[in-house]
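Quick notes on the structure that follows.
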Amino acid sequence: MSLSIYGEKLNSRLLIGTALYPSPDIMKQAILASGSQVVTLSLKRQNPQEQSGQQIWQYIQDIVKQTNGFLLPNTAGCKTAKEAFTLAQMSRELFQTSWLKLEVIGDDYNLQPDPFELLKATEMLIKDGFNVLPYCTDDLVLCQRLYDLGCEVIMPWASPIGTGKGLMNPYNLETLRQRLPKATLILDAGIGKPSDACLAMEMGYDGILLNSAVALADNPVLMASAFANALTSGEQAYQAGLMQQRQTAHPSTPTLDTPFWHQS
């Protein structure tokens, strides 16, 4: 089934970043191998007013066109709502998109989002016409507040950015899925291996956004393909319905009262 983000239908449930790759060519090959139609990039690391990142931005935009996809600018590195709001307005002018991955960081050690500034920035941006995809922790109350503000898409972390530790708190993530059934939930940050992504999809998550797990792999292109396969597998498992776990063993091949052709 397709993924819907603010009314746009996507064939892939994998969203992918553009940082840390060994080269621009490997980045391009990995993005194409992933099948992703949403590519995210940061404006904070360049100076938009001086157009210092224009060459790489154009390169990324060309890749996005090749996938018939969408660009998702992000506010990585921002620490206040005001800073994020200003950068968001620049990104909309530069890339002609109202989509925004909102990041407002509150701690430099684990890059945890600041929930207070994040809510403030979200409210400001939605009032200004942005389609906000907020990066946040797996806190239920925070995610509920973001949804109530008008965020159709919410992106909780699996674990801190770039750690590769996978799903640190499955209980919280499952709770989010159960309590926000109508929200589009995309797991963002901390994914380390394809099995992490598969587990999230088995929980019923709508998609995965990642970067480091592909970019820092020994073979980013092959890893991108592996993640694409993992998401498909996890989604199919969720749609099929997982068996209920039991406390005690249960024979899979009982012989009592079964037809003789089922008996050994």
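In the structure tokens, each chain is lettered A, B, ... as it comes, each chain's residues begin at 1, and ligands are numbered from 1 in order of appearance.
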Please identify all polymer residues within 12 Å of Asp108 in chain A, counting only C-alpha atoms, omitting same-chain residues fewer than 2 positions from it, and present them as a list in words.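 Once the adjacent positions are removed, what remains is Ala76, Gly77, Cys78, Lys79, Val104, Ile105, Gly106, Asn110, Leu111, Gln112, Pro113, Asp114, Pro160 and Ile161 of chain A.
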Export of prior selection with N, CA and C atoms as an mmCIF file, in the first residue's frame:
```cif
data_model
loop_
_atom_site.group_PDB
_atom_site.id
_atom_site.type_symbol
_atom_site.label_atom_id
_atom_site.label_comp_id
_atom_site.auth_asym_id
_atom_site.auth_seq_id
_atom_site.Cartn_x
_atom_site.Cartn_y
_atom_site.Cartn_z
ATOM 1 N N ALA A 76 17.727 21.053 10.991
ATOM 2 C CA ALA A 76 18.742 20.471 11.871
ATOM 3 C C ALA A 76 19.703 21.550 12.362
ATOM 4 N N GLY A 77 19.995 21.510 13.651
ATOM 5 C CA GLY A 77 20.927 22.461 14.241
ATOM 6 C C GLY A 77 20.265 23.647 14.909
ATOM 7 N N CYS A 78 18.983 23.850 14.673
ATOM 8 C CA CYS A 78 18.278 24.967 15.305
ATOM 9 C C CYS A 78 17.986 24.647 16.766
ATOM 10 N N LYS A 79 18.052 25.682 17.600
ATOM 11 C CA LYS A 79 17.848 25.482 19.034
ATOM 12 C C LYS A 79 16.686 26.287 19.603
ATOM 13 N N VAL A 104 14.155 21.037 16.502
ATOM 14 C CA VAL A 104 14.578 22.069 17.449
ATOM 15 C C VAL A 104 15.276 21.332 18.592
ATOM 16 N N ILE A 105 16.578 21.392 18.602
ATOM 17 C CA ILE A 105 17.388 20.590 19.518
ATOM 18 C C ILE A 105 17.557 21.274 20.876
ATOM 19 N N GLY A 106 17.381 20.496 21.940
ATOM 20 C CA GLY A 106 17.489 21.050 23.285
ATOM 21 C C GLY A 106 18.716 20.613 24.057
ATOM 22 N N ASN A 110 22.881 14.413 23.437
ATOM 23 C CA ASN A 110 22.143 13.341 22.757
ATOM 24 C C ASN A 110 21.218 13.866 21.660
ATOM 25 N N LEU A 111 21.327 15.166 21.372
ATOM 26 C CA LEU A 111 20.538 15.803 20.307
ATOM 27 C C LEU A 111 19.035 15.576 20.489
ATOM 28 N N GLN A 112 18.625 15.568 21.751
ATOM 29 C CA GLN A 112 17.203 15.398 22.057
ATOM 30 C C GLN A 112 16.440 16.677 21.740
ATOM 31 N N PRO A 113 15.278 16.568 21.107
ATOM 32 C CA PRO A 113 14.483 17.760 20.810
ATOM 33 C C PRO A 113 14.026 18.478 22.074
ATOM 34 N N ASP A 114 13.931 19.794 21.977
ATOM 35 C CA ASP A 114 13.383 20.613 23.052
ATOM 36 C C ASP A 114 11.867 20.627 22.881
ATOM 37 N N PRO A 160 18.622 8.112 20.054
ATOM 38 C CA PRO A 160 19.255 9.363 19.640
ATOM 39 C C PRO A 160 19.894 9.290 18.248
ATOM 40 N N ILE A 161 19.883 10.439 17.583
ATOM 41 C CA ILE A 161 20.376 10.568 16.207
ATOM 42 C C ILE A 161 21.771 9.978 16.051
#
```
Check range 146-215 of chain A with DSSP on the backbone and list each residue it calls helix (DSSP H, G or I), as JSON, numbers by chain. {"A": [146, 147, 148, 149, 170, 171, 172, 173, 174, 175, 176, 177, 178, 179, 194, 195, 196, 197, 198, 199, 200, 201, 202, 212, 213, 214, 215]}
Shortest interatomic distance to Leu100 in chain A - which of A:Cys143, A:Leu133, A:Leu71, A:Ile154, counting only C-alpha atoms: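 Under the stated criterion, the closest residue is A:Leu133.
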Please provide as a list of chain:residue names all residues within 9 Å of Trp99 in chain A, with the sequence filter that same-chain residues fewer than 5 positions apart are discarded (counting only C-alpha atoms).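 Once the nearby chain positions are removed, what remains is A:Tyr6, A:Phe70, A:Leu71, A:Leu72, A:Pro73, A:Asn74, A:Arg92, A:Phe130, A:Asn131, A:Val132, A:Leu133.
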Preceding selection exported with all heavy atoms as a CSV table (one decimal), in the first residue's frame:
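That gives us selection-v7.csv:
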```
chain,number,residue,atom,x,y,z
A,6,TYR,N,0.6,14.4,3.7
A,6,TYR,CA,-0.1,15.7,3.4
A,6,TYR,C,-0.7,15.6,2.0
A,6,TYR,O,-0.5,16.5,1.2
A,6,TYR,CB,0.9,16.8,3.6
A,6,TYR,CG,1.2,17.1,5.0
A,6,TYR,CD1,2.4,16.8,5.6
A,6,TYR,CD2,0.2,17.7,5.8
A,6,TYR,CE1,2.6,17.1,7.0
A,6,TYR,CE2,0.4,18.0,7.2
A,6,TYR,CZ,1.7,17.7,7.7
A,6,TYR,OH,1.9,17.9,9.1
A,70,PHE,N,9.9,14.0,-3.7
A,70,PHE,CA,9.7,15.3,-3.0
A,70,PHE,C,11.0,15.6,-2.2
A,70,PHE,O,11.6,14.7,-1.6
A,70,PHE,CB,8.5,15.2,-2.1
A,70,PHE,CG,7.2,14.9,-2.9
A,70,PHE,CD1,6.8,13.6,-3.2
A,70,PHE,CD2,6.5,16.0,-3.3
A,70,PHE,CE1,5.7,13.4,-3.9
A,70,PHE,CE2,5.3,15.7,-4.0
A,70,PHE,CZ,4.9,14.4,-4.3
A,71,LEU,N,11.3,16.8,-2.1
A,71,LEU,CA,12.4,17.3,-1.2
A,71,LEU,C,11.8,17.7,0.1
A,71,LEU,O,10.7,18.3,0.2
A,71,LEU,CB,13.0,18.5,-1.9
A,71,LEU,CG,14.3,19.0,-1.3
A,71,LEU,CD1,15.4,18.0,-1.5
A,71,LEU,CD2,14.7,20.4,-1.9
A,72,LEU,N,12.5,17.3,1.2
A,72,LEU,CA,12.1,17.6,2.5
A,72,LEU,C,13.2,18.3,3.3
A,72,LEU,O,14.1,17.7,3.9
A,72,LEU,CB,11.7,16.3,3.3
A,72,LEU,CG,11.3,16.4,4.8
A,72,LEU,CD1,10.0,17.3,4.9
A,72,LEU,CD2,11.1,15.0,5.4
A,73,PRO,N,13.2,19.7,3.2
A,73,PRO,CA,14.2,20.4,3.9
A,73,PRO,C,14.0,20.3,5.4
A,73,PRO,O,12.9,20.0,5.9
A,73,PRO,CB,13.9,21.9,3.5
A,73,PRO,CG,13.0,21.8,2.3
A,73,PRO,CD,12.3,20.5,2.4
A,74,ASN,N,15.1,20.3,6.2
A,74,ASN,CA,15.0,20.2,7.6
A,74,ASN,C,15.7,21.3,8.3
A,74,ASN,O,16.6,22.0,7.7
A,74,ASN,CB,15.5,18.8,8.1
A,74,ASN,CG,17.0,18.6,8.0
A,74,ASN,OD1,17.8,19.4,8.5
A,74,ASN,ND2,17.4,17.6,7.2
A,92,ARG,N,11.5,27.5,2.2
A,92,ARG,CA,10.3,27.6,1.3
A,92,ARG,C,10.6,28.5,0.1
A,92,ARG,O,10.2,28.1,-1.0
A,92,ARG,CB,9.1,28.1,2.1
A,92,ARG,CG,7.8,28.1,1.3
A,92,ARG,CD,6.6,28.3,2.2
A,92,ARG,NE,6.6,29.5,3.0
A,92,ARG,CZ,5.7,29.8,3.9
A,92,ARG,NH1,4.7,29.0,4.1
A,92,ARG,NH2,5.8,30.9,4.6
A,130,PHE,N,2.8,26.0,6.7
A,130,PHE,CA,3.8,24.9,6.4
A,130,PHE,C,3.1,23.6,6.8
A,130,PHE,O,2.2,23.5,7.6
A,130,PHE,CB,5.0,25.1,7.3
A,130,PHE,CG,6.0,26.1,6.8
A,130,PHE,CD1,5.9,27.4,7.2
A,130,PHE,CD2,7.1,25.7,6.0
A,130,PHE,CE1,6.9,28.3,6.8
A,130,PHE,CE2,8.0,26.6,5.5
A,130,PHE,CZ,7.9,27.9,5.9
A,131,ASN,N,3.5,22.6,6.0
A,131,ASN,CA,3.2,21.2,6.4
A,131,ASN,C,4.3,20.6,7.2
A,131,ASN,O,5.4,20.3,6.7
A,131,ASN,CB,3.0,20.4,5.1
A,131,ASN,CG,1.8,20.8,4.3
A,131,ASN,OD1,0.7,21.2,4.9
A,131,ASN,ND2,1.9,20.8,3.0
A,132,VAL,N,4.1,20.5,8.5
A,132,VAL,CA,5.2,20.3,9.4
A,132,VAL,C,5.3,18.8,9.7
A,132,VAL,O,4.3,18.1,10.1
A,132,VAL,CB,5.0,21.0,10.8
A,132,VAL,CG1,6.1,20.7,11.7
A,132,VAL,CG2,4.9,22.5,10.5
A,133,LEU,N,6.5,18.2,9.6
A,133,LEU,CA,6.8,16.9,10.0
A,133,LEU,C,7.8,17.0,11.2
A,133,LEU,O,9.0,17.1,11.0
A,133,LEU,CB,7.5,16.1,8.9
A,133,LEU,CG,6.6,15.8,7.7
A,133,LEU,CD1,6.5,16.9,6.7
A,133,LEU,CD2,7.1,14.5,6.9
```
Near Lys165 in chain A, within 10 Å and counting only C-alpha atoms, which residues show up once chain neighbours fewer than 2 positions away are dropped, as a PyMOL selection string? chain A and resi 158-163+167-168+189-193+196
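In terms of minimum interatomic distance to Leu185 in chain A, A:Trp157 ranks closest within A:Tyr109, A:Trp157, A:Tyr238, A:Tyr171, counting only C-alpha atoms.
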Please identify the strand (DSSP E) residues within range 71-242 of chain A (assignment by DSSP from backbone atoms) and present them as a PDB file with all heavy atoms, in the first residue's frame.
```pdb
ATOM      1  N   LEU A  71      11.291  16.828  -2.089  1.00  0.00           N
ATOM      2  CA  LEU A  71      12.368  17.308  -1.234  1.00  0.00           C
ATOM      3  C   LEU A  71      11.801  17.667   0.129  1.00  0.00           C
ATOM      4  O   LEU A  71      10.733  18.281   0.223  1.00  0.00           O
ATOM      5  CB  LEU A  71      13.028  18.533  -1.869  1.00  0.00           C
ATOM      6  CG  LEU A  71      14.337  19.021  -1.251  1.00  0.00           C
ATOM      7  CD1 LEU A  71      15.448  17.995  -1.475  1.00  0.00           C
ATOM      8  CD2 LEU A  71      14.739  20.359  -1.859  1.00  0.00           C
ATOM      9  N   LEU A  72      12.512  17.277   1.177  1.00  0.00           N
ATOM     10  CA  LEU A  72      12.077  17.577   2.543  1.00  0.00           C
ATOM     11  C   LEU A  72      13.188  18.337   3.268  1.00  0.00           C
ATOM     12  O   LEU A  72      14.070  17.732   3.877  1.00  0.00           O
ATOM     13  CB  LEU A  72      11.740  16.285   3.288  1.00  0.00           C
ATOM     14  CG  LEU A  72      11.289  16.422   4.751  1.00  0.00           C
ATOM     15  CD1 LEU A  72      10.030  17.268   4.853  1.00  0.00           C
ATOM     16  CD2 LEU A  72      11.073  15.048   5.373  1.00  0.00           C
ATOM     17  N   PRO A  73      13.182  19.669   3.191  1.00  0.00           N
ATOM     18  CA  PRO A  73      14.187  20.449   3.927  1.00  0.00           C
ATOM     19  C   PRO A  73      14.001  20.254   5.427  1.00  0.00           C
ATOM     20  O   PRO A  73      12.881  20.041   5.904  1.00  0.00           O
ATOM     21  CB  PRO A  73      13.889  21.899   3.520  1.00  0.00           C
ATOM     22  CG  PRO A  73      13.049  21.803   2.287  1.00  0.00           C
ATOM     23  CD  PRO A  73      12.275  20.529   2.424  1.00  0.00           C
ATOM     24  N   ASN A  74      15.108  20.315   6.179  1.00  0.00           N
ATOM     25  CA  ASN A  74      14.998  20.196   7.627  1.00  0.00           C
ATOM     26  C   ASN A  74      15.729  21.326   8.330  1.00  0.00           C
ATOM     27  O   ASN A  74      16.590  21.995   7.744  1.00  0.00           O
ATOM     28  CB  ASN A  74      15.479  18.822   8.112  1.00  0.00           C
ATOM     29  CG  ASN A  74      16.971  18.637   7.969  1.00  0.00           C
ATOM     30  OD1 ASN A  74      17.753  19.375   8.539  1.00  0.00           O
ATOM     31  ND2 ASN A  74      17.382  17.633   7.198  1.00  0.00           N
ATOM     32  N   TRP A  99       6.626  21.670   2.698  1.00  0.00           N
ATOM     33  CA  TRP A  99       7.020  20.562   3.572  1.00  0.00           C
ATOM     34  C   TRP A  99       8.237  20.965   4.385  1.00  0.00           C
ATOM     35  O   TRP A  99       9.173  21.583   3.879  1.00  0.00           O
ATOM     36  CB  TRP A  99       7.356  19.331   2.746  1.00  0.00           C
ATOM     37  CG  TRP A  99       6.174  18.591   2.217  1.00  0.00           C
ATOM     38  CD1 TRP A  99       4.893  19.050   2.113  1.00  0.00           C
ATOM     39  CD2 TRP A  99       6.172  17.257   1.701  1.00  0.00           C
ATOM     40  NE1 TRP A  99       4.094  18.092   1.561  1.00  0.00           N
ATOM     41  CE2 TRP A  99       4.844  16.983   1.297  1.00  0.00           C
ATOM     42  CE3 TRP A  99       7.152  16.283   1.538  1.00  0.00           C
ATOM     43  CZ2 TRP A  99       4.479  15.761   0.742  1.00  0.00           C
ATOM     44  CZ3 TRP A  99       6.786  15.066   0.980  1.00  0.00           C
ATOM     45  CH2 TRP A  99       5.470  14.801   0.598  1.00  0.00           C
ATOM     46  N   LEU A 100       8.232  20.563   5.654  1.00  0.00           N
ATOM     47  CA  LEU A 100       9.370  20.886   6.513  1.00  0.00           C
ATOM     48  C   LEU A 100       9.540  19.826   7.597  1.00  0.00           C
ATOM     49  O   LEU A 100       8.598  19.537   8.345  1.00  0.00           O
ATOM     50  CB  LEU A 100       9.177  22.247   7.179  1.00  0.00           C
ATOM     51  CG  LEU A 100      10.369  22.707   8.027  1.00  0.00           C
ATOM     52  CD1 LEU A 100      11.492  23.245   7.137  1.00  0.00           C
ATOM     53  CD2 LEU A 100       9.954  23.755   9.052  1.00  0.00           C
ATOM     54  N   LYS A 101      10.727  19.252   7.662  1.00  0.00           N
ATOM     55  CA  LYS A 101      11.081  18.405   8.793  1.00  0.00           C
ATOM     56  C   LYS A 101      11.592  19.343   9.889  1.00  0.00           C
ATOM     57  O   LYS A 101      12.665  19.939   9.775  1.00  0.00           O
ATOM     58  CB  LYS A 101      12.160  17.389   8.428  1.00  0.00           C
ATOM     59  CG  LYS A 101      12.570  16.531   9.616  1.00  0.00           C
ATOM     60  CD  LYS A 101      13.759  15.633   9.306  1.00  0.00           C
ATOM     61  CE  LYS A 101      14.211  14.914  10.579  1.00  0.00           C
ATOM     62  NZ  LYS A 101      15.422  14.103  10.376  1.00  0.00           N
ATOM     63  N   LEU A 102      10.808  19.475  10.938  1.00  0.00           N
ATOM     64  CA  LEU A 102      11.120  20.431  12.000  1.00  0.00           C
ATOM     65  C   LEU A 102      11.968  19.790  13.080  1.00  0.00           C
ATOM     66  O   LEU A 102      11.554  18.813  13.709  1.00  0.00           O
ATOM     67  CB  LEU A 102       9.826  20.976  12.601  1.00  0.00           C
ATOM     68  CG  LEU A 102       9.994  21.939  13.781  1.00  0.00           C
ATOM     69  CD1 LEU A 102      10.784  23.178  13.378  1.00  0.00           C
ATOM     70  CD2 LEU A 102       8.624  22.325  14.342  1.00  0.00           C
ATOM     71  N   ASN A 131       3.533  22.558   6.047  1.00  0.00           N
ATOM     72  CA  ASN A 131       3.181  21.182   6.375  1.00  0.00           C
ATOM     73  C   ASN A 131       4.325  20.621   7.213  1.00  0.00           C
ATOM     74  O   ASN A 131       5.379  20.279   6.676  1.00  0.00           O
ATOM     75  CB  ASN A 131       2.977  20.354   5.105  1.00  0.00           C
ATOM     76  CG  ASN A 131       1.765  20.802   4.318  1.00  0.00           C
ATOM     77  OD1 ASN A 131       0.744  21.163   4.892  1.00  0.00           O
ATOM     78  ND2 ASN A 131       1.869  20.798   2.998  1.00  0.00           N
ATOM     79  N   VAL A 132       4.117  20.537   8.502  1.00  0.00           N
ATOM     80  CA  VAL A 132       5.195  20.250   9.448  1.00  0.00           C
ATOM     81  C   VAL A 132       5.297  18.754   9.738  1.00  0.00           C
ATOM     82  O   VAL A 132       4.302  18.101  10.068  1.00  0.00           O
ATOM     83  CB  VAL A 132       4.989  21.032  10.755  1.00  0.00           C
ATOM     84  CG1 VAL A 132       6.113  20.732  11.738  1.00  0.00           C
ATOM     85  CG2 VAL A 132       4.903  22.533  10.467  1.00  0.00           C
ATOM     86  N   LEU A 133       6.528  18.238   9.624  1.00  0.00           N
ATOM     87  CA  LEU A 133       6.849  16.871  10.030  1.00  0.00           C
ATOM     88  C   LEU A 133       7.819  16.991  11.205  1.00  0.00           C
ATOM     89  O   LEU A 133       9.038  17.116  11.012  1.00  0.00           O
ATOM     90  CB  LEU A 133       7.480  16.078   8.893  1.00  0.00           C
ATOM     91  CG  LEU A 133       6.586  15.757   7.682  1.00  0.00           C
ATOM     92  CD1 LEU A 133       6.547  16.932   6.703  1.00  0.00           C
ATOM     93  CD2 LEU A 133       7.114  14.526   6.948  1.00  0.00           C
ATOM     94  N   PRO A 134       7.334  17.008  12.438  1.00  0.00           N
ATOM     95  CA  PRO A 134       8.191  17.270  13.593  1.00  0.00           C
ATOM     96  C   PRO A 134       8.981  16.040  14.039  1.00  0.00           C
ATOM     97  O   PRO A 134       8.422  14.950  14.186  1.00  0.00           O
ATOM     98  CB  PRO A 134       7.212  17.700  14.674  1.00  0.00           C
ATOM     99  CG  PRO A 134       5.946  16.980  14.316  1.00  0.00           C
ATOM    100  CD  PRO A 134       5.920  16.880  12.815  1.00  0.00           C
ATOM    101  N   TYR A 135      10.270  16.248  14.253  1.00  0.00           N
ATOM    102  CA  TYR A 135      11.130  15.234  14.869  1.00  0.00           C
ATOM    103  C   TYR A 135      11.022  15.402  16.371  1.00  0.00           C
ATOM    104  O   TYR A 135      11.236  16.490  16.907  1.00  0.00           O
ATOM    105  CB  TYR A 135      12.570  15.410  14.393  1.00  0.00           C
ATOM    106  CG  TYR A 135      13.607  14.751  15.267  1.00  0.00           C
ATOM    107  CD1 TYR A 135      13.658  13.371  15.394  1.00  0.00           C
ATOM    108  CD2 TYR A 135      14.540  15.523  15.966  1.00  0.00           C
ATOM    109  CE1 TYR A 135      14.601  12.767  16.205  1.00  0.00           C
ATOM    110  CE2 TYR A 135      15.493  14.928  16.772  1.00  0.00           C
ATOM    111  CZ  TYR A 135      15.521  13.548  16.892  1.00  0.00           C
ATOM    112  OH  TYR A 135      16.463  12.954  17.699  1.00  0.00           O
ATOM    113  N   CYS A 136      10.673  14.318  17.074  1.00  0.00           N
ATOM    114  CA  CYS A 136      10.443  14.424  18.508  1.00  0.00           C
ATOM    115  C   CYS A 136      10.870  13.124  19.199  1.00  0.00           C
ATOM    116  O   CYS A 136      11.303  12.176  18.549  1.00  0.00           O
ATOM    117  CB  CYS A 136       8.954  14.682  18.790  1.00  0.00           C
ATOM    118  SG  CYS A 136       7.838  13.447  18.084  1.00  0.00           S
ATOM    119  N   VAL A 153       1.588  14.300  10.278  1.00  0.00           N
ATOM    120  CA  VAL A 153       2.732  13.395  10.326  1.00  0.00           C
ATOM    121  C   VAL A 153       3.562  13.715  11.564  1.00  0.00           C
ATOM    122  O   VAL A 153       3.880  14.883  11.814  1.00  0.00           O
ATOM    123  CB  VAL A 153       3.611  13.524   9.067  1.00  0.00           C
ATOM    124  CG1 VAL A 153       4.769  12.538   9.121  1.00  0.00           C
ATOM    125  CG2 VAL A 153       2.779  13.305   7.812  1.00  0.00           C
ATOM    126  N   ILE A 154       3.916  12.694  12.325  1.00  0.00           N
ATOM    127  CA  ILE A 154       4.750  12.864  13.513  1.00  0.00           C
ATOM    128  C   ILE A 154       5.897  11.875  13.420  1.00  0.00           C
ATOM    129  O   ILE A 154       5.706  10.714  13.035  1.00  0.00           O
ATOM    130  CB  ILE A 154       3.942  12.633  14.801  1.00  0.00           C
ATOM    131  CG1 ILE A 154       2.782  13.643  14.871  1.00  0.00           C
ATOM    132  CG2 ILE A 154       4.821  12.761  16.042  1.00  0.00           C
ATOM    133  CD1 ILE A 154       1.796  13.373  15.985  1.00  0.00           C
ATOM    134  N   MET A 155       7.110  12.323  13.782  1.00  0.00           N
ATOM    135  CA  MET A 155       8.293  11.492  13.601  1.00  0.00           C
ATOM    136  C   MET A 155       9.063  11.309  14.911  1.00  0.00           C
ATOM    137  O   MET A 155      10.039  12.018  15.196  1.00  0.00           O
ATOM    138  CB  MET A 155       9.193  12.104  12.520  1.00  0.00           C
ATOM    139  CG  MET A 155       8.465  12.298  11.195  1.00  0.00           C
ATOM    140  SD  MET A 155       9.552  12.428   9.771  1.00  0.00           S
ATOM    141  CE  MET A 155      10.415  13.939  10.173  1.00  0.00           C
ATOM    142  N   PRO A 156       8.647  10.350  15.740  1.00  0.00           N
ATOM    143  CA  PRO A 156       9.372  10.065  16.988  1.00  0.00           C
ATOM    144  C   PRO A 156      10.674   9.332  16.722  1.00  0.00           C
ATOM    145  O   PRO A 156      10.804   8.628  15.720  1.00  0.00           O
ATOM    146  CB  PRO A 156       8.385   9.172  17.751  1.00  0.00           C
ATOM    147  CG  PRO A 156       7.615   8.473  16.677  1.00  0.00           C
ATOM    148  CD  PRO A 156       7.476   9.474  15.568  1.00  0.00           C
ATOM    149  N   THR A 184      -0.069   9.773  10.904  1.00  0.00           N
ATOM    150  CA  THR A 184       0.970   9.100  10.125  1.00  0.00           C
ATOM    151  C   THR A 184       2.239   9.136  10.965  1.00  0.00           C
ATOM    152  O   THR A 184       2.781  10.216  11.221  1.00  0.00           O
ATOM    153  CB  THR A 184       1.195   9.808   8.777  1.00  0.00           C
ATOM    154  OG1 THR A 184      -0.001   9.727   8.001  1.00  0.00           O
ATOM    155  CG2 THR A 184       2.328   9.162   8.008  1.00  0.00           C
ATOM    156  N   LEU A 185       2.698   7.978  11.415  1.00  0.00           N
ATOM    157  CA  LEU A 185       3.865   7.892  12.284  1.00  0.00           C
ATOM    158  C   LEU A 185       5.054   7.366  11.488  1.00  0.00           C
ATOM    159  O   LEU A 185       5.005   6.257  10.941  1.00  0.00           O
ATOM    160  CB  LEU A 185       3.592   6.979  13.478  1.00  0.00           C
ATOM    161  CG  LEU A 185       2.494   7.429  14.451  1.00  0.00           C
ATOM    162  CD1 LEU A 185       2.363   6.425  15.592  1.00  0.00           C
ATOM    163  CD2 LEU A 185       2.783   8.815  14.999  1.00  0.00           C
ATOM    164  N   ILE A 186       6.095   8.168  11.432  1.00  0.00           N
ATOM    165  CA  ILE A 186       7.327   7.800  10.729  1.00  0.00           C
ATOM    166  C   ILE A 186       8.457   7.771  11.740  1.00  0.00           C
ATOM    167  O   ILE A 186       8.764   8.792  12.365  1.00  0.00           O
ATOM    168  CB  ILE A 186       7.626   8.786   9.595  1.00  0.00           C
ATOM    169  CG1 ILE A 186       6.503   8.742   8.547  1.00  0.00           C
ATOM    170  CG2 ILE A 186       8.975   8.480   8.952  1.00  0.00           C
ATOM    171  CD1 ILE A 186       6.642   9.757   7.439  1.00  0.00           C
ATOM    172  N   LEU A 187       9.066   6.624  11.907  1.00  0.00           N
ATOM    173  CA  LEU A 187      10.149   6.502  12.883  1.00  0.00           C
ATOM    174  C   LEU A 187      11.398   7.176  12.342  1.00  0.00           C
ATOM    175  O   LEU A 187      11.833   6.909  11.211  1.00  0.00           O
ATOM    176  CB  LEU A 187      10.423   5.023  13.169  1.00  0.00           C
ATOM    177  CG  LEU A 187      11.121   4.714  14.503  1.00  0.00           C
ATOM    178  CD1 LEU A 187      10.242   5.169  15.663  1.00  0.00           C
ATOM    179  CD2 LEU A 187      11.417   3.235  14.616  1.00  0.00           C
ATOM    180  N   ASP A 188      11.981   8.050  13.149  1.00  0.00           N
ATOM    181  CA  ASP A 188      13.100   8.875  12.687  1.00  0.00           C
ATOM    182  C   ASP A 188      14.213   8.854  13.730  1.00  0.00           C
ATOM    183  O   ASP A 188      13.969   9.148  14.894  1.00  0.00           O
ATOM    184  CB  ASP A 188      12.599  10.305  12.465  1.00  0.00           C
ATOM    185  CG  ASP A 188      13.698  11.248  11.998  1.00  0.00           C
ATOM    186  OD1 ASP A 188      14.764  10.772  11.593  1.00  0.00           O
ATOM    187  OD2 ASP A 188      13.461  12.474  12.032  1.00  0.00           O
ATOM    188  N   GLY A 207       6.160   4.504   8.187  1.00  0.00           N
ATOM    189  CA  GLY A 207       7.373   4.667   7.414  1.00  0.00           C
ATOM    190  C   GLY A 207       8.586   4.847   8.312  1.00  0.00           C
ATOM    191  O   GLY A 207       8.474   4.917   9.539  1.00  0.00           O
ATOM    192  N   ILE A 208       9.748   4.934   7.662  1.00  0.00           N
ATOM    193  CA  ILE A 208      11.023   5.087   8.361  1.00  0.00           C
ATOM    194  C   ILE A 208      11.832   6.178   7.668  1.00  0.00           C
ATOM    195  O   ILE A 208      11.908   6.221   6.433  1.00  0.00           O
ATOM    196  CB  ILE A 208      11.854   3.775   8.321  1.00  0.00           C
ATOM    197  CG1 ILE A 208      11.060   2.598   8.882  1.00  0.00           C
ATOM    198  CG2 ILE A 208      13.176   3.955   9.071  1.00  0.00           C
ATOM    199  CD1 ILE A 208      10.774   2.654  10.351  1.00  0.00           C
ATOM    200  N   LEU A 209      12.419   7.069   8.459  1.00  0.00           N
ATOM    201  CA  LEU A 209      13.368   8.046   7.924  1.00  0.00           C
ATOM    202  C   LEU A 209      14.733   7.734   8.520  1.00  0.00           C
ATOM    203  O   LEU A 209      14.868   7.621   9.738  1.00  0.00           O
ATOM    204  CB  LEU A 209      12.951   9.479   8.265  1.00  0.00           C
ATOM    205  CG  LEU A 209      13.676  10.595   7.503  1.00  0.00           C
ATOM    206  CD1 LEU A 209      12.837  11.871   7.489  1.00  0.00           C
ATOM    207  CD2 LEU A 209      15.062  10.905   8.051  1.00  0.00           C
ATOM    208  N   LEU A 210      15.729   7.583   7.660  1.00  0.00           N
ATOM    209  CA  LEU A 210      17.070   7.278   8.160  1.00  0.00           C
ATOM    210  C   LEU A 210      18.131   7.893   7.263  1.00  0.00           C
ATOM    211  O   LEU A 210      17.846   8.339   6.152  1.00  0.00           O
ATOM    212  CB  LEU A 210      17.269   5.760   8.267  1.00  0.00           C
ATOM    213  CG  LEU A 210      16.983   4.889   7.042  1.00  0.00           C
ATOM    214  CD1 LEU A 210      18.150   4.892   6.076  1.00  0.00           C
ATOM    215  CD2 LEU A 210      16.663   3.467   7.475  1.00  0.00           C
TER     216      LEU A 210
END
```
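CA of Leu14 in chain A lies 12.0 Å from CA of Gly234 in chain A.
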